[in-house]
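Source file coords.pdb; content: PDB, C-alpha atoms.
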```pdb
ATOM      1  CA  MET F   1     177.762  50.513 149.829
ATOM      2  CA  ALA F   2     176.945  54.033 151.002
ATOM      3  CA  THR F   3     179.345  55.427 148.416
ATOM      4  CA  SER F   4     177.744  53.382 145.658
ATOM      5  CA  LEU F   5     174.267  54.546 146.763
ATOM      6  CA  SER F   6     175.512  58.115 146.888
ATOM      7  CA  LYS F   7     176.932  57.814 143.353
ATOM      8  CA  SER F   8     173.661  56.298 142.100
ATOM      9  CA  VAL F   9     171.628  59.118 143.654
ATOM     10  CA  THR F  10     174.000  61.682 142.145
ATOM     11  CA  VAL F  11     173.709  60.101 138.680
ATOM     12  CA  ILE F  12     169.908  59.871 138.901
ATOM     13  CA  PHE F  13     169.676  63.454 140.160
ATOM     14  CA  SER F  14     171.967  64.640 137.337
ATOM     15  CA  VAL F  15     169.901  62.822 134.701
ATOM     16  CA  LEU F  16     166.678  64.299 136.095
ATOM     17  CA  LEU F  17     168.185  67.781 136.220
ATOM     18  CA  VAL F  18     169.425  67.585 132.618
ATOM     19  CA  SER F  19     166.030  66.199 131.505
ATOM     20  CA  PHE F  20     164.288  69.072 133.258
ATOM     21  CA  PHE F  21     166.433  71.698 131.525
ATOM     22  CA  LEU F  22     166.018  70.019 128.137
ATOM     23  CA  THR F  23     162.237  69.939 128.616
ATOM     24  CA  VAL F  24     162.143  73.594 129.666
ATOM     25  CA  GLU F  25     164.321  74.546 126.709
ATOM     26  CA  SER F  26     162.123  72.666 124.219
ATOM     27  CA  GLN F  27     158.965  74.393 125.520
ATOM     28  CA  LYS F  28     160.191  77.974 125.076
ATOM     29  CA  PHE F  29     157.562  80.362 123.779
ATOM     30  CA  SER F  30     159.915  82.326 121.551
ATOM     31  CA  ARG F  31     163.354  82.240 120.051
ATOM     32  CA  ASN F  32     165.686  84.575 118.221
ATOM     33  CA  LEU F  33     166.043  84.129 114.476
ATOM     34  CA  SER F  34     168.403  85.610 111.972
ATOM     35  CA  GLN F  35     166.891  87.628 109.135
ATOM     36  CA  ARG F  36     168.749  85.425 106.704
ATOM     37  CA  SER F  37     166.968  82.287 108.011
ATOM     38  CA  LEU F  38     163.677  83.791 106.773
ATOM     39  CA  GLY F  39     165.165  84.891 103.452
ATOM     40  CA  LEU F  40     165.112  88.569 104.449
ATOM     41  CA  ARG F  41     167.571  90.928 102.837
ATOM     42  CA  LYS F  42     168.450  94.556 103.479
ATOM     43  CA  GLN F  43     165.371  96.772 103.901
ATOM     44  CA  LYS F  44     164.281  99.141 101.139
ATOM     45  CA  LEU F  45     162.359 102.395 101.467
ATOM     46  CA  SER F  46     159.668 102.752  98.801
ATOM     47  CA  HIS F  47     157.262 105.565  97.967
ATOM     48  CA  PHE F  48     153.854 104.831  96.442
ATOM     49  CA  ARG F  49     151.438 107.474  95.162
ATOM     50  CA  PHE F  50     147.891 106.580  94.215
ATOM     51  CA  TYR F  51     144.310 107.822  94.466
ATOM     52  CA  PHE F  52     141.672 106.301  96.745
ATOM     53  CA  HIS F  53     138.122 106.528  95.338
ATOM     54  CA  ASP F  54     135.560 106.540  98.172
ATOM     55  CA  ILE F  55     132.315 106.047  96.244
ATOM     56  CA  VAL F  56     129.336 106.206  98.606
ATOM     57  CA  SER F  57     126.622 107.014  96.032
ATOM     58  CA  GLY F  58     124.915 105.233  93.181
ATOM     59  CA  PRO F  59     124.501 101.579  92.259
ATOM     60  CA  ASN F  60     128.265 100.926  92.139
ATOM     61  CA  ALA F  61     129.133 102.258  95.596
ATOM     62  CA  THR F  62     132.416 100.935  96.987
ATOM     63  CA  ALA F  63     131.842 102.233 100.531
ATOM     64  CA  ILE F  64     128.676 101.124 102.289
ATOM     65  CA  ARG F  65     127.468 102.119 105.750
ATOM     66  CA  ILE F  66     126.924  98.917 107.690
ATOM     67  CA  VAL F  67     126.178 100.478 111.113
ATOM     68  CA  GLU F  68     124.357 103.735 111.714
ATOM     69  CA  ALA F  69     124.572 104.864 115.304
ATOM     70  CA  THR F  70     121.695 106.441 117.200
ATOM     71  CA  ARG F  71     121.888 110.201 116.676
ATOM     72  CA  THR F  72     121.974 112.866 119.345
ATOM     73  CA  ASN F  73     122.281 116.619 118.945
ATOM     74  CA  ARG F  74     125.942 116.251 119.803
ATOM     75  CA  THR F  75     126.781 113.423 117.369
ATOM     76  CA  ALA F  76     124.615 114.275 114.360
ATOM     77  CA  ALA F  77     127.226 116.501 112.692
ATOM     78  CA  THR F  78     130.073 113.971 112.888
ATOM     79  CA  GLY F  79     128.178 110.692 112.475
ATOM     80  CA  PHE F  80     129.901 109.420 115.600
ATOM     81  CA  GLY F  81     129.583 105.642 115.804
ATOM     82  CA  ASP F  82     128.787 105.003 112.129
ATOM     83  CA  ILE F  83     130.783 102.218 110.470
ATOM     84  CA  SER F  84     131.355 101.793 106.737
ATOM     85  CA  MET F  85     132.825  98.796 104.911
ATOM     86  CA  ILE F  86     135.010  99.618 101.905
ATOM     87  CA  ASP F  87     136.399  98.025  98.778
ATOM     88  CA  ASN F  88     137.639 101.229  97.179
ATOM     89  CA  PRO F  89     139.633 101.362  93.947
ATOM     90  CA  LEU F  90     143.214 102.651  94.112
ATOM     91  CA  THR F  91     144.223 104.240  90.812
ATOM     92  CA  ILE F  92     147.340 105.797  89.341
ATOM     93  CA  GLY F  93     145.525 109.097  88.680
ATOM     94  CA  PRO F  94     142.558 110.966  90.206
ATOM     95  CA  GLU F  95     140.143 110.031  87.400
ATOM     96  CA  ARG F  96     137.824 107.102  88.095
ATOM     97  CA  ASN F  97     138.821 105.422  84.830
ATOM     98  CA  SER F  98     142.551 105.759  85.568
ATOM     99  CA  ARG F  99     144.620 102.542  85.679
ATOM    100  CA  LEU F 100     143.758 100.382  88.713
ATOM    101  CA  VAL F 101     146.784  99.543  90.900
ATOM    102  CA  GLY F 102     144.915  98.047  93.854
ATOM    103  CA  ARG F 103     141.991  98.210  96.226
ATOM    104  CA  ALA F 104     141.575  99.552  99.755
ATOM    105  CA  GLN F 105     139.619  96.881 101.623
ATOM    106  CA  GLY F 106     138.491  97.267 105.207
ATOM    107  CA  MET F 107     136.400  99.716 107.150
ATOM    108  CA  TYR F 108     136.270 103.153 108.648
ATOM    109  CA  THR F 109     134.253 104.433 111.532
ATOM    110  CA  SER F 110     133.457 107.889 112.783
ATOM    111  CA  ALA F 111     135.409 107.893 116.035
ATOM    112  CA  SER F 112     135.139 111.505 117.162
ATOM    113  CA  ILE F 113     132.193 113.289 118.731
ATOM    114  CA  ASN F 114     133.586 116.794 118.159
ATOM    115  CA  GLU F 115     135.047 116.657 114.634
ATOM    116  CA  MET F 116     135.040 114.555 111.471
ATOM    117  CA  GLY F 117     137.656 112.087 112.647
ATOM    118  CA  LEU F 118     137.685 108.563 111.270
ATOM    119  CA  LEU F 119     139.370 105.413 112.498
ATOM    120  CA  MET F 120     140.696 103.709 109.355
ATOM    121  CA  VAL F 121     141.359  99.949 109.355
ATOM    122  CA  MET F 122     142.253  98.754 105.874
ATOM    123  CA  ASN F 123     144.514  96.757 103.638
ATOM    124  CA  TYR F 124     145.853  98.099 100.378
ATOM    125  CA  VAL F 125     145.637  95.046  98.128
ATOM    126  CA  PHE F 126     147.857  95.609  95.107
ATOM    127  CA  VAL F 127     146.997  94.159  91.689
ATOM    128  CA  GLU F 128     149.713  95.739  89.558
ATOM    129  CA  GLY F 129     153.163  94.552  88.476
ATOM    130  CA  LYS F 130     155.568  92.949  90.909
ATOM    131  CA  TYR F 131     153.375  93.971  93.886
ATOM    132  CA  ASN F 132     150.374  91.996  92.568
ATOM    133  CA  GLY F 133     148.926  90.049  95.524
ATOM    134  CA  SER F 134     150.949  91.919  98.166
ATOM    135  CA  THR F 135     149.209  94.016 100.822
ATOM    136  CA  LEU F 136     149.943  96.890 103.191
ATOM    137  CA  SER F 137     147.959  97.210 106.432
ATOM    138  CA  ILE F 138     146.909 100.643 107.681
ATOM    139  CA  VAL F 139     145.342 101.390 111.061
ATOM    140  CA  GLY F 140     145.048 104.971 112.230
ATOM    141  CA  ARG F 141     143.160 108.175 112.808
ATOM    142  CA  ASN F 142     142.055 110.261 109.834
ATOM    143  CA  PRO F 143     140.892 113.786 110.784
ATOM    144  CA  VAL F 144     139.319 114.346 107.353
ATOM    145  CA  MET F 145     139.121 118.148 107.551
ATOM    146  CA  SER F 146     142.906 118.474 107.933
ATOM    147  CA  PRO F 147     144.729 119.222 104.679
ATOM    148  CA  VAL F 148     147.183 116.336 105.221
ATOM    149  CA  ARG F 149     146.547 113.346 107.479
ATOM    150  CA  GLU F 150     149.096 110.744 108.538
ATOM    151  CA  MET F 151     148.299 107.110 109.337
ATOM    152  CA  PRO F 152     150.732 104.333 110.257
ATOM    153  CA  VAL F 153     151.565 101.364 108.066
ATOM    154  CA  ILE F 154     151.607  98.525 110.592
ATOM    155  CA  GLY F 155     152.525  95.570 108.404
ATOM    156  CA  GLY F 156     151.872  93.751 105.193
ATOM    157  CA  SER F 157     152.082  90.525 103.262
ATOM    158  CA  GLY F 158     153.879  89.191 100.212
ATOM    159  CA  LEU F 159     156.633  91.634  99.233
ATOM    160  CA  PHE F 160     155.607  93.775 102.220
ATOM    161  CA  ARG F 161     156.207  91.230 104.989
ATOM    162  CA  PHE F 162     157.502  93.093 108.064
ATOM    163  CA  ALA F 163     156.567  96.430 106.445
ATOM    164  CA  ARG F 164     156.456  99.615 108.495
ATOM    165  CA  GLY F 165     155.984 103.230 107.561
ATOM    166  CA  TYR F 166     153.263 105.798 107.139
ATOM    167  CA  ALA F 167     150.617 106.968 104.684
ATOM    168  CA  GLU F 168     149.794 110.613 104.049
ATOM    169  CA  ALA F 169     146.273 111.359 102.816
ATOM    170  CA  SER F 170     145.059 114.600 101.267
ATOM    171  CA  THR F 171     141.616 115.141  99.794
ATOM    172  CA  HIS F 172     141.811 115.707  96.049
ATOM    173  CA  THR F 173     138.071 116.197  95.485
ATOM    174  CA  PHE F 174     134.944 115.919  97.612
ATOM    175  CA  ASN F 175     131.452 116.023  96.098
ATOM    176  CA  MET F 176     129.223 117.827  98.622
ATOM    177  CA  SER F 177     126.017 116.650  96.914
ATOM    178  CA  ASN F 178     126.639 112.881  96.996
ATOM    179  CA  GLY F 179     129.533 112.392  99.455
ATOM    180  CA  ASP F 180     131.940 110.777  96.972
ATOM    181  CA  ALA F 181     135.598 111.618  97.517
ATOM    182  CA  VAL F 182     138.945 111.120  95.828
ATOM    183  CA  VAL F 183     141.901 111.110  98.212
ATOM    184  CA  GLU F 184     145.550 111.245  97.199
ATOM    185  CA  PHE F 185     147.751 108.866  99.199
ATOM    186  CA  ASN F 186     151.515 109.055  99.480
ATOM    187  CA  VAL F 187     152.797 105.957 101.243
ATOM    188  CA  TYR F 188     156.359 105.608 102.527
ATOM    189  CA  VAL F 189     157.238 102.102 103.584
ATOM    190  CA  PHE F 190     160.291 100.148 104.697
ATOM    191  CA  HIS F 191     160.156  96.557 103.453
ATOM    192  CA  TYR F 192     162.409  93.680 102.455
TER     193      TYR F 192
END
```

Encoded form using structure tokens:
Amino acid sequence: MATSLSKSVTVIFSVLLVSFFLTVESQKFSRNLSQRSLGLRKQKLSHFRFYFHDIVSGPNATAIRIVEATRTNRTAATGFGDISMIDNPLTIGPERNSRLVGRAQGMYTSASINEMGLLMVMNYVFVEGKYNGSTLSIVGRNPVMSPVREMPVIGGSGLFRFARGYAEASTHTFNMSNGDAVVEFNVYVFHY
């Protein structure tokens, strides 16, 4: 009888142990996937060149200040703390009437007390060709007085799922009287 009880306890314990491990396994937070299971192929490296039109003046402004920080003698020159919302056209050439390839939607804020340094948080929303509806996400520092600025591409959607890379910005023109600017962007991105 003791042997039969011992066998029953062993069986019950084994069943409980297996149940425990199956429950733990089914409640895992993450798992490894193959690229193929998500339909991902070999990565490509693409280069995009376009012009970003930051229009802050006039009735058709595409960049609007939504927060103006309290000014001090130290922050007046840089606009530290100001935040602007953007929906800027991205065009194939530097002219405003050049073919539209997308829009830069997001915001930038003056994030430096000592220099004109912006924090850029934006999506490039493409409207042209096979990239229509796809986006690239950019988050980074833009020291606007530098001839060339680099910001990371941190992701994307559509054809740019799992994208990574960087964007180089260089000011093409800046209108001192009204603040409008045209910035050339060269974007290098790995994507599937």

Against range 71-86 of chain F, which residues of range 140-167 of chain F fall within 12 Å? For each one I want the closest pair of atoms and the distance in Å (one decimal), counting all atoms listed in the file, rows by chain and increasing residue number, as JSON lines.
```
{"residue": "F:Pro143", "atom": "CA", "partner": "F:Thr78", "partner_atom": "CA", "distance": 11.0}
{"residue": "F:Val144", "atom": "CA", "partner": "F:Thr78", "partner_atom": "CA", "distance": 10.8}
{"residue": "F:Met145", "atom": "CA", "partner": "F:Thr78", "partner_atom": "CA", "distance": 11.3}
```

Since I can't run it myself right now, could you work out what the PyMOL selection byres ((chain F and resi 96-110) around 8) selects here and report it as a ChimeraX atom specification? /F:50,52-53,78-95,111-112,116-128

What is the distance between CA of Phe174 in chain F and CA of Ile64 in chain F, in Å to one decimal?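 It comes out at 16.7 Å.
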
Take every atom of range 181-190 of chain F listed in the file, pad by 8 Å on each side, and give me the axis-aligned box centre and edge lengths in Å, one decimal, as JSON.
```
{"center_x": 147.9, "center_y": 105.9, "center_z": 100.3, "size_x": 40.7, "size_y": 27.5, "size_z": 24.9}
```

What separates CA of Val189 in chain F and CA of Arg41 in chain F is a distance of 15.2 Å
